[in-house]
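Colleague: Here it is, the structure in full.
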Amino acid sequence: MRGEVSERYYRFFTGQGVDRIPDVEFGWWPQTIRRWLGEGLPRNLTDEWFNVKLNSADEIDMFNPKLEEYFGFDTSGVTLSVRTHMNPVMPERVVETRGHVLVMVDARGALLERFPNEVEESSIPRFVKFPVQTAADWASYREHYRLDDPTRFVAESDIERIRRAAAEGRMVNVALLGFYGQLRNWMGIENLSVTLYDEPALIQEMVGHWAELCARQIERLPADLPVDQVQWWEDMASKNGPLVSPAQFRQFFLPGYRRVMDAARARGCALSMVDCDGNPAELVPCWLEVGVNVMFPLEVQAGADPLKWRREFGSSLLLRGGLDKEAVARGPRAIAEELHRVRPLVELGGYVPHLDHLVPPTVSYGNYLEYLRQKRALIGRSS
């Protein structure tokens, strides 16, 4: 089904020959870019940062492809836009403005407080109320995620784009919200945590519905279209560990992962990456059990230790990230010490070092360039 994938990222993580470790990073806070514009970053690279609805819930693009190209990062495939969207979305509306804080209802129907993107304050939103509080709420809300929604068919133009990319040896990605992450978006952490105990059948029904929607999107793709990597977003851990136990993960979420990953493997999928902030170490065996084999971004200050994970789980565990972003803020010596810390893991293989989340505005433009210089020396990139 799949011809040879020539992309360095894919070849590296599947144990094929490469000239060096891939050079990738993970984006920047908008406030960081604004700082860098005064420190030497060419302004014409960032026009699209300022052509957005600053008072909407849509975040400024933190993964600007023009900046990726400017810094010379390696590509990591093309992404097929499977149609797992909410339809119809809720009308966004601002309920109240409190100084620099907007109180608003977002497109998912959640009530939240957030900073507009044009101000210097920076934080994730504070959610006040989520749209799904009860089983009755879910019965109504589920209609926004109908399995038979005719808008869920991938556009032929997107399919042709992916066919061309695959023929050129590019890696094909499918990006999905994970099961905890999606239920948290619908219910909120507190209500989800209680419902896991009080109404397990409701959780299982929600997970099953989401799994079926995601899996069917993969299964509906034309037979000649490959899936090389499934990317999951979960964010289901803090510095104190995961927000569910391994037993709960296996009971409630593993069946959903298995349903989708079986569909992806039927398309030739070899890689599956989970984006989970915090320290989800206790859940790593659960993900590995269903073929989710790339862990990312390995937040250092939350206690994630990629070298320890490699020693515990072996070479079947692939890793990305794991460099403390705050070390870059402290300058060249701290950068060197941080890179030295992960050198043994670099030498073991199966690890792509980069910063463990978005670059914060505490990092100067000069220090970021110095970090790239030192990191590229470590991974064998000479230019």
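Scheme for the structure tokens: letters A, B, ... for chains in order shown; per-chain residue numbers from 1; ligand numbers from 1 in order shown.
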Leaving out region 344-350 of chain A and any residue of its chain fewer than 4 positions from it, which residues lie within 7 Å of it when counting only C-alpha atoms, given as number ranges by chain?

Modeller: A: 13, 307, 318-319

Colleague: For Leu358 (chain A), work out the shell of residues within 6 Å, counting only C-alpha atoms and skipping chain neighbours fewer than 2 positions away, then give it as a list in words.

Modeller: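 So the residues in contact are Phe26, Gly27, Trp28 and Trp29 of chain A.
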
Colleague: May I have the residues from that selection written out with N, CA and C atoms, as a compact mmCIF listing (two decimals), in the first residue's frame?

Modeller:
```txt
# COMPACT_ATOMS: atom_id res chain seq x y z
N PHE A 26 8.81 23.12 18.56
CA PHE A 26 7.39 23.02 18.92
C PHE A 26 6.72 24.39 19.09
N GLY A 27 7.11 25.37 18.29
CA GLY A 27 6.34 26.61 18.28
C GLY A 27 6.71 27.60 19.37
N TRP A 28 5.96 28.71 19.38
CA TRP A 28 6.31 29.89 20.19
C TRP A 28 5.03 30.55 20.68
N TRP A 29 5.09 31.11 21.90
CA TRP A 29 3.99 31.95 22.35
C TRP A 29 3.98 33.23 21.51
```

Colleague: Would you pick out the contacts of region 214-230 of chain A at 7 Å or less, using only C-alpha atoms, so that residues sharing its chain but fewer than 3 positions from it are not included, and give the list as a PyMOL selection string?

Modeller: chain A and resi 1-2+82-84+163+171-175+210-211+259-260+263-264+267-273

Colleague: From a DSSP pass on the backbone, collect the residues of region 213-329 of chain A flagged as strand (DSSP E or B) and hand them back as a PyMOL selection string.

Modeller: chain A and resi 229-233+237-238+241-242+271-275+294-296+318-323

Colleague: Put those residues in a file: C-alpha atoms, as an mmCIF file, in the first residue's frame.

Modeller:
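The resulting file, part22.cif, is reproduced below:
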```cif
data_model
loop_
_atom_site.group_PDB
_atom_site.id
_atom_site.type_symbol
_atom_site.label_atom_id
_atom_site.label_comp_id
_atom_site.auth_asym_id
_atom_site.auth_seq_id
_atom_site.Cartn_x
_atom_site.Cartn_y
_atom_site.Cartn_z
ATOM 1 C CA GLN A 229 1.424 8.460 11.825
ATOM 2 C CA VAL A 230 -1.539 9.184 14.077
ATOM 3 C CA GLN A 231 -1.051 12.197 16.334
ATOM 4 C CA TRP A 232 -3.091 12.399 19.549
ATOM 5 C CA TRP A 233 -3.631 15.395 21.808
ATOM 6 C CA ALA A 237 -1.305 14.974 33.339
ATOM 7 C CA SER A 238 0.178 17.557 35.690
ATOM 8 C CA GLY A 241 1.159 12.668 37.520
ATOM 9 C CA PRO A 242 -1.760 11.680 35.288
ATOM 10 C CA LEU A 271 4.043 5.667 14.311
ATOM 11 C CA SER A 272 1.594 7.169 16.751
ATOM 12 C CA MET A 273 2.506 10.184 18.877
ATOM 13 C CA VAL A 274 0.711 11.458 21.948
ATOM 14 C CA ASP A 275 1.039 15.090 23.032
ATOM 15 C CA VAL A 294 6.054 8.300 20.470
ATOM 16 C CA MET A 295 5.833 10.391 23.669
ATOM 17 C CA PHE A 296 5.976 14.187 23.521
ATOM 18 C CA LEU A 318 10.269 6.728 20.973
ATOM 19 C CA LEU A 319 10.709 10.199 22.406
ATOM 20 C CA ARG A 320 10.509 13.864 21.378
ATOM 21 C CA GLY A 321 11.205 17.003 23.412
ATOM 22 C CA GLY A 322 12.627 16.825 26.921
ATOM 23 C CA LEU A 323 14.747 20.012 26.905
#
```

Colleague: Residues of region 171-311 of chain A classed as alpha helix (DSSP H) by DSSP on the backbone are to be reported as a PyMOL selection string.

Modeller: chain A and resi 179-187+189-198+200-219+246-248+254-265+284-289+306-311

Colleague: From the set A:Val363, A:Pro353, A:Leu147, A:Gly99, which residue has the shortest atom-to-atom contact distance to Pro22 (chain A), counting only C-alpha atoms?

Modeller: A:Pro353

Colleague: Can you pull out every residue within 10 Å of region 181-189 of chain A, counting only C-alpha atoms, but drop anything in the same chain fewer than 3 positions away, and send it as a ChimeraX atom specification?

Modeller: /A:108-110,127-134,137-138,141,176-178,192-195,203,206-207,210,232-236,243,276

Colleague: Can you write just those residues out, N, CA and C atoms, as a JSON list (two decimals), in the first residue's frame?

Modeller:
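Wrote it out as selection_2.json, contents follow:
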```json
[["chain", "number", "residue", "atom", "x", "y", "z"],
["A", 108, "ARG", "N", -17.48, 25.86, 21.23],
["A", 108, "ARG", "CA", -17.93, 24.57, 21.76],
["A", 108, "ARG", "C", -19.07, 24.74, 22.76],
["A", 109, "GLY", "N", -19.41, 25.99, 23.10],
["A", 109, "GLY", "CA", -20.45, 26.24, 24.08],
["A", 109, "GLY", "C", -19.94, 26.35, 25.50],
["A", 110, "ALA", "N", -18.63, 26.45, 25.69],
["A", 110, "ALA", "CA", -18.04, 26.58, 27.03],
["A", 110, "ALA", "C", -17.95, 28.05, 27.42],
["A", 127, "PHE", "N", -11.68, 28.14, 32.38],
["A", 127, "PHE", "CA", -13.02, 27.70, 32.03],
["A", 127, "PHE", "C", -13.94, 27.80, 33.24],
["A", 128, "VAL", "N", -15.12, 28.35, 33.01],
["A", 128, "VAL", "CA", -16.10, 28.56, 34.09],
["A", 128, "VAL", "C", -17.16, 27.47, 34.06],
["A", 129, "LYS", "N", -17.64, 27.11, 32.85],
["A", 129, "LYS", "CA", -18.69, 26.10, 32.73],
["A", 129, "LYS", "C", -18.56, 25.39, 31.39],
["A", 130, "PHE", "N", -18.77, 24.08, 31.40],
["A", 130, "PHE", "CA", -18.66, 23.28, 30.18],
["A", 130, "PHE", "C", -20.05, 22.86, 29.71],
["A", 131, "PRO", "N", -20.18, 22.55, 28.42],
["A", 131, "PRO", "CA", -21.52, 22.31, 27.87],
["A", 131, "PRO", "C", -22.16, 21.00, 28.28],
["A", 132, "VAL", "N", -21.36, 19.98, 28.65],
["A", 132, "VAL", "CA", -21.92, 18.68, 29.02],
["A", 132, "VAL", "C", -21.77, 18.48, 30.53],
["A", 133, "GLN", "N", -22.87, 18.54, 31.22],
["A", 133, "GLN", "CA", -22.87, 18.33, 32.66],
["A", 133, "GLN", "C", -23.58, 17.03, 33.05],
["A", 134, "THR", "N", -24.52, 16.59, 32.23],
["A", 134, "THR", "CA", -25.35, 15.44, 32.56],
["A", 134, "THR", "C", -25.50, 14.53, 31.34],
["A", 137, "ASP", "N", -27.51, 16.28, 28.79],
["A", 137, "ASP", "CA", -26.71, 17.22, 28.00],
["A", 137, "ASP", "C", -25.99, 16.49, 26.88],
["A", 138, "TRP", "N", -25.41, 15.32, 27.20],
["A", 138, "TRP", "CA", -24.68, 14.56, 26.18],
["A", 138, "TRP", "C", -25.61, 14.10, 25.06],
["A", 141, "TYR", "N", -25.90, 17.11, 22.98],
["A", 141, "TYR", "CA", -24.61, 17.58, 22.43],
["A", 141, "TYR", "C", -24.06, 16.62, 21.38],
["A", 176, "LEU", "N", -5.71, 13.73, 15.76],
["A", 176, "LEU", "CA", -6.97, 13.49, 16.45],
["A", 176, "LEU", "C", -6.89, 13.98, 17.89],
["A", 177, "LEU", "N", -8.02, 14.38, 18.43],
["A", 177, "LEU", "CA", -8.12, 14.61, 19.86],
["A", 177, "LEU", "C", -8.22, 13.27, 20.56],
["A", 178, "GLY", "N", -7.48, 13.12, 21.65],
["A", 178, "GLY", "CA", -7.54, 11.89, 22.42],
["A", 178, "GLY", "C", -8.83, 11.78, 23.20],
["A", 192, "LEU", "N", -15.72, 15.48, 34.69],
["A", 192, "LEU", "CA", -15.25, 14.22, 34.12],
["A", 192, "LEU", "C", -14.73, 13.29, 35.21],
["A", 193, "SER", "N", -13.97, 13.84, 36.15],
["A", 193, "SER", "CA", -13.40, 13.02, 37.22],
["A", 193, "SER", "C", -14.50, 12.36, 38.06],
["A", 194, "VAL", "N", -15.55, 13.11, 38.36],
["A", 194, "VAL", "CA", -16.66, 12.57, 39.15],
["A", 194, "VAL", "C", -17.45, 11.54, 38.35],
["A", 195, "THR", "N", -17.66, 11.83, 37.08],
["A", 195, "THR", "CA", -18.47, 10.95, 36.24],
["A", 195, "THR", "C", -17.79, 9.60, 36.00],
["A", 203, "ILE", "N", -19.49, 7.50, 30.44],
["A", 203, "ILE", "CA", -18.13, 7.68, 29.93],
["A", 203, "ILE", "C", -17.86, 6.70, 28.79],
["A", 206, "MET", "N", -19.60, 7.81, 25.62],
["A", 206, "MET", "CA", -18.96, 8.96, 24.99],
["A", 206, "MET", "C", -17.66, 8.56, 24.31],
["A", 207, "VAL", "N", -16.85, 7.73, 24.98],
["A", 207, "VAL", "CA", -15.61, 7.26, 24.37],
["A", 207, "VAL", "C", -15.91, 6.43, 23.14],
["A", 210, "TRP", "N", -16.87, 8.70, 20.21],
["A", 210, "TRP", "CA", -15.72, 9.43, 19.65],
["A", 210, "TRP", "C", -14.79, 8.49, 18.88],
["A", 232, "TRP", "N", -2.04, 12.23, 18.55],
["A", 232, "TRP", "CA", -3.09, 12.40, 19.55],
["A", 232, "TRP", "C", -2.77, 13.60, 20.44],
["A", 233, "TRP", "N", -3.78, 14.34, 20.80],
["A", 233, "TRP", "CA", -3.63, 15.39, 21.81],
["A", 233, "TRP", "C", -4.42, 14.97, 23.03],
["A", 234, "GLU", "N", -3.74, 14.91, 24.18],
["A", 234, "GLU", "CA", -4.40, 14.49, 25.41],
["A", 234, "GLU", "C", -4.29, 15.52, 26.54],
["A", 235, "ASP", "N", -3.07, 15.96, 26.87],
["A", 235, "ASP", "CA", -2.87, 16.88, 28.00],
["A", 235, "ASP", "C", -3.65, 16.40, 29.24],
["A", 236, "MET", "N", -3.35, 15.19, 29.67],
["A", 236, "MET", "CA", -4.09, 14.58, 30.78],
["A", 236, "MET", "C", -3.20, 14.29, 31.98],
["A", 243, "LEU", "N", -4.05, 12.43, 35.35],
["A", 243, "LEU", "CA", -5.33, 12.78, 35.96],
["A", 243, "LEU", "C", -6.28, 11.60, 36.05],
["A", 276, "CYS", "N", 1.15, 14.94, 25.44],
["A", 276, "CYS", "CA", 0.61, 15.01, 26.79],
["A", 276, "CYS", "C", 1.55, 15.82, 27.66]]
```
